[in-house]
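Participant: Sharing a structure here in structure tokens format.
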Amino acid sequence: MDVIVEQYFDFSLIFDNFDSLMQGFWETIQLSIFAGVLSLVLGLFLALLRQLPGRALAPVRWATIAYIDAFRGIPVLLVILLISGSLGAFAVEGVLPRDLAIPNWLGKPDNFWYGVIAITLCYGAYMAEVYRAGLEAVPRSQMEAARSLGMSHATAMRHVIVPQAVRKVIPPLLNDFIALTKDTALISVLGFVEVVQAGRDVQSETFNSSALTAGAILFLLLTIPLARLVDWLIAGQEAKFQRAIP
Amino acid sequence: MPVAESVLRLEGVRKSFGNLDVLRGIDLDVARGEVVCIIGPSGSGKSTLLRCMNLLEPPDAGQILLEGRKLSEARSADDLDYVRRRVGMVFQQFNLFPHRSAIENVSLAQRAVLKRPDAETRARSESLLQRVGLGDKLNEYPDRLSGGQQQRVAIARALAMDPHVMLFDEVTSALDPELIKEVLDVMRELADEGMTMLVVTHEMTFAREVANRIVFMDQGYIVEEGPPDEVLGNPRHERTQRFLGLVMEH
């Protein structure tokens, strides 16, 4: 029993490494925010492409569906490795400009951005499906009313359909964001020191896992409030729905 | 019929959904300022006819001329724009935008489509809502309004685009009986002011009092049309008689 406590709950070890763990956690938060915001934007963009009307735009819809299917079906870790392993080579070969292939934007190292790009590519596809559910849940008659007032498809989407759809899917989008936050841990395979890698560094020095326990607790501090927020939002929506039924 | 300028003219309009022929060749000519009530049993094609007129449903065959311009079957963006700036529509289920207040419902397309300046849009929306008796409900959201109030907002919303023709698709069918009158009163006023109106309705009293012409449809055809006294008072066709017999019983 003592061994278990010592392996996982050695608080003096945690306090000794508190600064580096917090630094790692701060990187985790930044990864989550960048990848989260970009995924939200990419997801909406993909969902809108998928909803484009008319026969002429069918190839755009198919290409979008193919993209979503592909990136929903590939492990995030694999995408991280694909991107980080070869983007640099593109700069050497001159296929991509150096600033794009080996990004050091905002003072962050290339591995940070490879992680953000890979997670965005995958979570953009997940979130596109969430947005799609929301867009399809807005009654067709809303689009008809908007079009009958002279709005174009794009104008109707922007002012009428998307605002209603997004409201409906904020809870599932937040759920995806929680999952995204956890998947930032995968970027540790690139040697980028976020909270998990920070914990592993301590673990390999001391043969003690308490720093990783601290990492787990830090994740919970982030994800549990988000989960409660989701519950609260869903409860609010249900209350509104109940009111609508006389 | 009065010898007046033709606003909307349909020639041989047909529409089917799969195997179902909903419109089987409709000819109709509507003059400016005319109020045409379209009646008939459910499934006769009344609503589809109205939806063809503003190209919510593109006709499969036939021609539609709006203020002299022939609309192509291709439904080009140009045609859609032309039609929808001239034809307003009010729906059975109101279809207000639930995330917008009453005045925002009326304002949205004025700003987004007509690019009207904010102050002008605001003034216009307020005066329209006052006109339909909702001057005190400007900032209410649709879920806080009764069905009759929602439908009046929907009418104001359509009028805000300065349409030349208004289409009403069974606009009182989803309303509780005590709320029907307030909506019909607004429509009556509109007719008195000379608006060209096509009204699909089951309100026979309204049709008799307000319409210049009644069109009776059945199974995708116009069976009979004429002044209300004739069509409602002395229908020639057996099908019209039977329908009116059923409707008038209650």
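Each chain of the structure tokens is named A, B, ... in the order shown, its residues numbered from 1; ligands are numbered from 1 in display order.
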For the contact check between chain B and chain A, emit one row per residue of chain B within 10 Å, containing the shortest atom pair and the distance in Å rounded to one decimal, counting only C-alpha atoms, chain then rising number order, as CSV.
Facilitator:
residue,atom,partner,partner_atom,distance
B:Arg51,CA,A:Ser148,CA,9.6
B:Asn54,CA,A:Ser148,CA,7.3
B:Leu55,CA,A:Ser148,CA,8.8
B:Leu56,CA,A:Glu144,CA,7.1
B:Ala77,CA,A:Ser152,CA,8.4
B:Leu80,CA,A:Gly150,CA,7.7
B:Asp81,CA,A:Gly150,CA,6.2
B:Tyr82,CA,A:Gly150,CA,8.7
B:Val83,CA,A:Gly150,CA,8.2
B:Arg84,CA,A:Gly150,CA,4.9
B:Arg85,CA,A:Gly150,CA,5.9
B:Arg86,CA,A:Gly150,CA,9.1
B:Val87,CA,A:Ser148,CA,7.9
B:Gly88,CA,A:Ser148,CA,6.7
B:Met89,CA,A:Ser148,CA,6.4
B:Val90,CA,A:Ala145,CA,8.2
B:Phe91,CA,A:Ala145,CA,8.0
B:Gln93,CA,A:Ser141,CA,8.6
B:Phe94,CA,A:Ala145,CA,8.7
B:Asn95,CA,A:Gln142,CA,5.9
B:Leu96,CA,A:Gln142,CA,7.5
B:Phe97,CA,A:Val160,CA,6.8
B:Pro98,CA,A:Gln164,CA,8.1
B:His99,CA,A:Gln164,CA,6.7
B:Arg100,CA,A:Val160,CA,8.9
B:Asn105,CA,A:Val160,CA,9.9
B:Leu108,CA,A:His159,CA,8.0
B:Ala109,CA,A:Leu149,CA,6.3
B:Gln110,CA,A:Leu149,CA,8.9
B:Ala112,CA,A:Thr155,CA,7.2
B:Val113,CA,A:Met151,CA,6.0
B:Leu114,CA,A:Gly150,CA,8.8
B:Asp143,CA,A:Ala244,CA,7.6
B:Arg144,CA,A:Ala244,CA,9.8
B:Ala154,CA,A:Ala145,CA,9.4
B:Arg157,CA,A:Leu149,CA,8.3
B:Ala158,CA,A:Leu149,CA,6.7
B:Leu159,CA,A:Leu149,CA,9.6
B:Ala160,CA,A:Leu149,CA,9.2
B:Met161,CA,A:Leu149,CA,7.2
B:Pro163,CA,A:Leu149,CA,9.6
Participant: With N, CA and C atoms kept, could you save the residues just selected as a short mmCIF file (atom, residue, chain, number, x, y, z; two decimals), in the first residue's frame?
Facilitator:
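Result file is again_18.cif:
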data_model
loop_
_atom_site.label_atom_id
_atom_site.label_comp_id
_atom_site.auth_asym_id
_atom_site.auth_seq_id
_atom_site.Cartn_x
_atom_site.Cartn_y
_atom_site.Cartn_z
N ARG B 51 -46.08 28.20 -54.18
CA ARG B 51 -44.63 28.06 -54.05
C ARG B 51 -43.92 28.10 -55.41
N ASN B 54 -43.17 31.91 -56.49
CA ASN B 54 -41.93 32.63 -56.11
C ASN B 54 -40.72 31.71 -56.23
N LEU B 55 -40.89 30.64 -56.99
CA LEU B 55 -39.79 29.73 -57.34
C LEU B 55 -39.20 28.98 -56.15
N LEU B 56 -39.95 28.92 -55.04
CA LEU B 56 -39.50 28.01 -53.98
C LEU B 56 -39.54 26.58 -54.52
N ALA B 77 -29.80 32.66 -60.57
CA ALA B 77 -29.72 33.53 -59.39
C ALA B 77 -30.37 34.88 -59.69
N LEU B 80 -34.13 34.47 -59.45
CA LEU B 80 -34.54 34.35 -58.06
C LEU B 80 -34.57 35.72 -57.41
N ASP B 81 -33.53 36.48 -57.68
CA ASP B 81 -33.42 37.81 -57.13
C ASP B 81 -34.58 38.68 -57.60
N TYR B 82 -34.85 38.61 -58.89
CA TYR B 82 -35.92 39.40 -59.50
C TYR B 82 -37.27 39.08 -58.84
N VAL B 83 -37.54 37.78 -58.72
CA VAL B 83 -38.84 37.35 -58.18
C VAL B 83 -38.97 37.73 -56.71
N ARG B 84 -37.93 37.44 -55.95
CA ARG B 84 -38.11 37.54 -54.50
C ARG B 84 -38.06 38.97 -54.01
N ARG B 85 -37.59 39.87 -54.87
CA ARG B 85 -37.70 41.28 -54.48
C ARG B 85 -39.06 41.84 -54.80
N ARG B 86 -39.84 41.09 -55.55
CA ARG B 86 -41.17 41.58 -55.94
C ARG B 86 -42.30 40.81 -55.29
N VAL B 87 -42.00 39.60 -54.86
CA VAL B 87 -43.05 38.74 -54.33
C VAL B 87 -42.75 38.40 -52.87
N GLY B 88 -43.68 38.75 -51.98
CA GLY B 88 -43.53 38.40 -50.58
C GLY B 88 -44.37 37.18 -50.26
N MET B 89 -43.93 36.42 -49.26
CA MET B 89 -44.69 35.21 -48.93
C MET B 89 -44.86 35.07 -47.42
N VAL B 90 -46.06 34.63 -47.05
CA VAL B 90 -46.35 34.36 -45.64
C VAL B 90 -46.78 32.89 -45.55
N PHE B 91 -46.23 32.19 -44.55
CA PHE B 91 -46.39 30.74 -44.48
C PHE B 91 -47.38 30.31 -43.40
N GLN B 93 -46.94 28.09 -41.12
CA GLN B 93 -46.29 27.94 -39.80
C GLN B 93 -45.46 29.17 -39.41
N PHE B 94 -45.77 30.30 -39.97
CA PHE B 94 -45.12 31.60 -39.67
C PHE B 94 -43.66 31.65 -40.09
N ASN B 95 -42.89 30.61 -39.64
CA ASN B 95 -41.46 30.56 -39.98
C ASN B 95 -40.70 31.80 -39.59
N LEU B 96 -41.05 32.36 -38.45
CA LEU B 96 -40.23 33.47 -37.94
C LEU B 96 -38.87 32.91 -37.54
N PHE B 97 -37.86 33.81 -37.50
CA PHE B 97 -36.54 33.38 -37.07
C PHE B 97 -36.53 33.39 -35.54
N PRO B 98 -36.45 32.21 -34.92
CA PRO B 98 -36.68 32.13 -33.46
C PRO B 98 -35.58 32.81 -32.64
N HIS B 99 -34.41 33.01 -33.25
CA HIS B 99 -33.29 33.61 -32.49
C HIS B 99 -33.28 35.13 -32.63
N ARG B 100 -34.32 35.68 -33.25
CA ARG B 100 -34.37 37.12 -33.44
C ARG B 100 -35.68 37.66 -32.88
N ASN B 105 -36.64 40.37 -36.77
CA ASN B 105 -37.21 39.56 -37.85
C ASN B 105 -37.60 40.44 -39.03
N LEU B 108 -34.09 42.22 -40.58
CA LEU B 108 -32.94 41.46 -41.08
C LEU B 108 -32.74 41.55 -42.60
N ALA B 109 -33.79 41.22 -43.35
CA ALA B 109 -33.61 41.20 -44.81
C ALA B 109 -33.51 42.62 -45.38
N GLN B 110 -34.12 43.59 -44.70
CA GLN B 110 -33.96 44.97 -45.18
C GLN B 110 -32.50 45.35 -45.20
N ALA B 112 -29.80 43.08 -44.84
CA ALA B 112 -28.92 42.12 -45.52
C ALA B 112 -29.17 42.07 -47.02
N VAL B 113 -30.39 42.34 -47.45
CA VAL B 113 -30.70 42.22 -48.87
C VAL B 113 -30.82 43.60 -49.53
N LEU B 114 -31.62 44.48 -48.94
CA LEU B 114 -31.85 45.78 -49.57
C LEU B 114 -30.75 46.79 -49.22
N ASP B 143 -41.02 33.06 -29.43
CA ASP B 143 -41.62 32.08 -28.50
C ASP B 143 -42.43 32.76 -27.39
N ARG B 144 -42.37 34.08 -27.32
CA ARG B 144 -43.18 34.80 -26.34
C ARG B 144 -44.43 35.40 -26.98
N ALA B 154 -44.83 38.04 -39.22
CA ALA B 154 -44.41 37.47 -40.51
C ALA B 154 -44.93 38.31 -41.67
N ARG B 157 -42.84 41.37 -41.80
CA ARG B 157 -41.52 41.01 -42.32
C ARG B 157 -41.53 40.95 -43.86
N ALA B 158 -42.59 40.37 -44.41
CA ALA B 158 -42.69 40.29 -45.87
C ALA B 158 -42.92 41.68 -46.47
N LEU B 159 -43.76 42.49 -45.83
CA LEU B 159 -44.06 43.82 -46.36
C LEU B 159 -42.84 44.73 -46.34
N ALA B 160 -41.92 44.47 -45.41
CA ALA B 160 -40.73 45.32 -45.28
C ALA B 160 -39.90 45.33 -46.56
N MET B 161 -40.08 44.31 -47.39
CA MET B 161 -39.30 44.25 -48.62
C MET B 161 -39.99 44.98 -49.77
N PRO B 163 -42.91 44.41 -51.39
CA PRO B 163 -43.27 43.51 -52.49
C PRO B 163 -44.39 44.11 -53.34
#
Participant: Please provide as a ChimeraX atom specification all residues within 7 Å of region 15-30 of chain A, with the sequence filter that same-chain residues fewer than 3 positions apart are discarded (counting only C-alpha atoms).
Facilitator: /A:11-12,33-34,184,193-195,198-199
Participant: Expressed in Å to a single decimal, how great is the separation between CA of Leu135 (chain A) and CA of Ile170 (chain A)?
Facilitator: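 Straight-line distance from CA of Leu135 (chain A) to CA of Ile170 (chain A) works out to 12.3 Å.
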Participant: When you look at Asp218 (chain B) with a cut-off of 8 Å (counting only C-alpha atoms), what residues show up, excluding the ones that are within fewer than 2 positions of it in the same chain? I need them as a list in words.
Facilitator: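 Neighbouring residues, sequence-local ones excluded: Gly40, Pro41, Gly43, Ser44, Gly45, Phe216, Gly220, Tyr221, Ile222, Val223 and Arg239 of chain B.
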Participant: Convert the current residue selection to file output with all heavy atoms, as a PDB file, in the first residue's frame.
Facilitator:
ATOM      1  N   GLY B  40     -59.847  24.906 -52.347  1.00  0.00           N
ATOM      2  CA  GLY B  40     -59.863  23.548 -52.870  1.00  0.00           C
ATOM      3  C   GLY B  40     -59.481  22.565 -51.795  1.00  0.00           C
ATOM      4  O   GLY B  40     -58.917  22.945 -50.768  1.00  0.00           O
ATOM      5  N   PRO B  41     -59.788  21.279 -52.027  1.00  0.00           N
ATOM      6  CA  PRO B  41     -59.476  20.266 -51.021  1.00  0.00           C
ATOM      7  C   PRO B  41     -57.966  20.136 -50.822  1.00  0.00           C
ATOM      8  O   PRO B  41     -57.189  20.555 -51.667  1.00  0.00           O
ATOM      9  CB  PRO B  41     -60.056  18.978 -51.615  1.00  0.00           C
ATOM     10  CG  PRO B  41     -60.266  19.239 -53.055  1.00  0.00           C
ATOM     11  CD  PRO B  41     -60.441  20.710 -53.216  1.00  0.00           C
ATOM     12  N   GLY B  43     -54.363  18.700 -50.906  1.00  0.00           N
ATOM     13  CA  GLY B  43     -53.752  17.874 -51.935  1.00  0.00           C
ATOM     14  C   GLY B  43     -54.120  18.303 -53.342  1.00  0.00           C
ATOM     15  O   GLY B  43     -53.723  17.673 -54.315  1.00  0.00           O
ATOM     16  N   SER B  44     -54.870  19.412 -53.462  1.00  0.00           N
ATOM     17  CA  SER B  44     -55.285  19.825 -54.801  1.00  0.00           C
ATOM     18  C   SER B  44     -54.176  20.596 -55.521  1.00  0.00           C
ATOM     19  O   SER B  44     -54.271  20.870 -56.701  1.00  0.00           O
ATOM     20  CB  SER B  44     -56.551  20.681 -54.706  1.00  0.00           C
ATOM     21  OG  SER B  44     -56.319  21.802 -53.878  1.00  0.00           O
ATOM     22  N   GLY B  45     -53.120  20.980 -54.786  1.00  0.00           N
ATOM     23  CA  GLY B  45     -51.999  21.663 -55.431  1.00  0.00           C
ATOM     24  C   GLY B  45     -51.945  23.156 -55.153  1.00  0.00           C
ATOM     25  O   GLY B  45     -51.112  23.862 -55.714  1.00  0.00           O
ATOM     26  N   PHE B 216     -61.031  27.824 -57.818  1.00  0.00           N
ATOM     27  CA  PHE B 216     -61.208  26.528 -57.165  1.00  0.00           C
ATOM     28  C   PHE B 216     -60.317  25.502 -57.850  1.00  0.00           C
ATOM     29  O   PHE B 216     -60.399  25.312 -59.060  1.00  0.00           O
ATOM     30  CB  PHE B 216     -62.681  26.080 -57.224  1.00  0.00           C
ATOM     31  CG  PHE B 216     -62.878  24.674 -56.716  1.00  0.00           C
ATOM     32  CD1 PHE B 216     -62.748  24.380 -55.366  1.00  0.00           C
ATOM     33  CD2 PHE B 216     -63.156  23.629 -57.600  1.00  0.00           C
ATOM     34  CE1 PHE B 216     -62.903  23.078 -54.890  1.00  0.00           C
ATOM     35  CE2 PHE B 216     -63.308  22.321 -57.132  1.00  0.00           C
ATOM     36  CZ  PHE B 216     -63.179  22.059 -55.778  1.00  0.00           C
ATOM     37  N   GLY B 220     -54.816  19.199 -59.117  1.00  0.00           N
ATOM     38  CA  GLY B 220     -53.812  19.802 -59.974  1.00  0.00           C
ATOM     39  C   GLY B 220     -54.356  20.652 -61.109  1.00  0.00           C
ATOM     40  O   GLY B 220     -53.582  21.125 -61.939  1.00  0.00           O
ATOM     41  N   TYR B 221     -55.661  20.829 -61.157  1.00  0.00           N
ATOM     42  CA  TYR B 221     -56.267  21.676 -62.176  1.00  0.00           C
ATOM     43  C   TYR B 221     -57.017  22.831 -61.529  1.00  0.00           C
ATOM     44  O   TYR B 221     -57.503  22.712 -60.403  1.00  0.00           O
ATOM     45  CB  TYR B 221     -57.298  20.911 -63.019  1.00  0.00           C
ATOM     46  CG  TYR B 221     -56.731  19.777 -63.815  1.00  0.00           C
ATOM     47  CD1 TYR B 221     -56.924  18.468 -63.401  1.00  0.00           C
ATOM     48  CD2 TYR B 221     -56.032  20.011 -64.997  1.00  0.00           C
ATOM     49  CE1 TYR B 221     -56.422  17.404 -64.136  1.00  0.00           C
ATOM     50  CE2 TYR B 221     -55.524  18.956 -65.745  1.00  0.00           C
ATOM     51  CZ  TYR B 221     -55.715  17.662 -65.305  1.00  0.00           C
ATOM     52  OH  TYR B 221     -55.227  16.617 -66.025  1.00  0.00           O
ATOM     53  N   ILE B 222     -57.149  23.915 -62.298  1.00  0.00           N
ATOM     54  CA  ILE B 222     -58.123  24.931 -61.913  1.00  0.00           C
ATOM     55  C   ILE B 222     -59.457  24.479 -62.492  1.00  0.00           C
ATOM     56  O   ILE B 222     -59.625  24.379 -63.708  1.00  0.00           O
ATOM     57  CB  ILE B 222     -57.732  26.320 -62.449  1.00  0.00           C
ATOM     58  CG1 ILE B 222     -56.484  26.815 -61.718  1.00  0.00           C
ATOM     59  CG2 ILE B 222     -58.891  27.296 -62.263  1.00  0.00           C
ATOM     60  CD1 ILE B 222     -55.992  28.172 -62.161  1.00  0.00           C
ATOM     61  N   VAL B 223     -60.394  24.169 -61.610  1.00  0.00           N
ATOM     62  CA  VAL B 223     -61.669  23.622 -62.060  1.00  0.00           C
ATOM     63  C   VAL B 223     -62.616  24.757 -62.438  1.00  0.00           C
ATOM     64  O   VAL B 223     -63.351  24.678 -63.423  1.00  0.00           O
ATOM     65  CB  VAL B 223     -62.295  22.742 -60.952  1.00  0.00           C
ATOM     66  CG1 VAL B 223     -63.675  22.245 -61.357  1.00  0.00           C
ATOM     67  CG2 VAL B 223     -61.376  21.582 -60.627  1.00  0.00           C
ATOM     68  N   ARG B 239     -67.792  19.313 -58.852  1.00  0.00           N
ATOM     69  CA  ARG B 239     -66.731  19.151 -57.853  1.00  0.00           C
ATOM     70  C   ARG B 239     -66.682  20.350 -56.902  1.00  0.00           C
ATOM     71  O   ARG B 239     -66.447  20.205 -55.705  1.00  0.00           O
ATOM     72  CB  ARG B 239     -65.368  18.966 -58.539  1.00  0.00           C
ATOM     73  CG  ARG B 239     -65.084  17.513 -58.850  1.00  0.00           C
ATOM     74  CD  ARG B 239     -63.644  17.320 -59.224  1.00  0.00           C
ATOM     75  NE  ARG B 239     -63.397  17.718 -60.608  1.00  0.00           N
ATOM     76  CZ  ARG B 239     -62.195  17.680 -61.193  1.00  0.00           C
ATOM     77  NH1 ARG B 239     -61.143  17.307 -60.495  1.00  0.00           N
ATOM     78  NH2 ARG B 239     -62.034  18.032 -62.438  1.00  0.00           N
TER      79      ARG B 239
END
Participant: Please measure the separation of CA of Pro53 (chain A) and CA of Leu174 (chain A), giving the value in Å to one decimal.
Facilitator: 28.5 Å
Participant: Can you work out the spacing between CA of Val5 (chain A) and CA of Leu221 (chain A) in Å, to one decimal?
Facilitator: 21.0 Å
Participant: Run DSSP on the backbone and give me the residues of region 119-239 of chain A it puts in alpha helix (DSSP H), as an MDAnalysis selection string.
Facilitator: chainID A and resid 119:137 140:148 153:156 162:183 195:206 210:239
Participant: So which one's closest to Val189 (chain A), A:Ile14, A:Val130, A:Ala235, A:Leu78? Using only C-alpha atoms, please.
Facilitator: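 Nearest to Val189 (chain A): A:Leu78.
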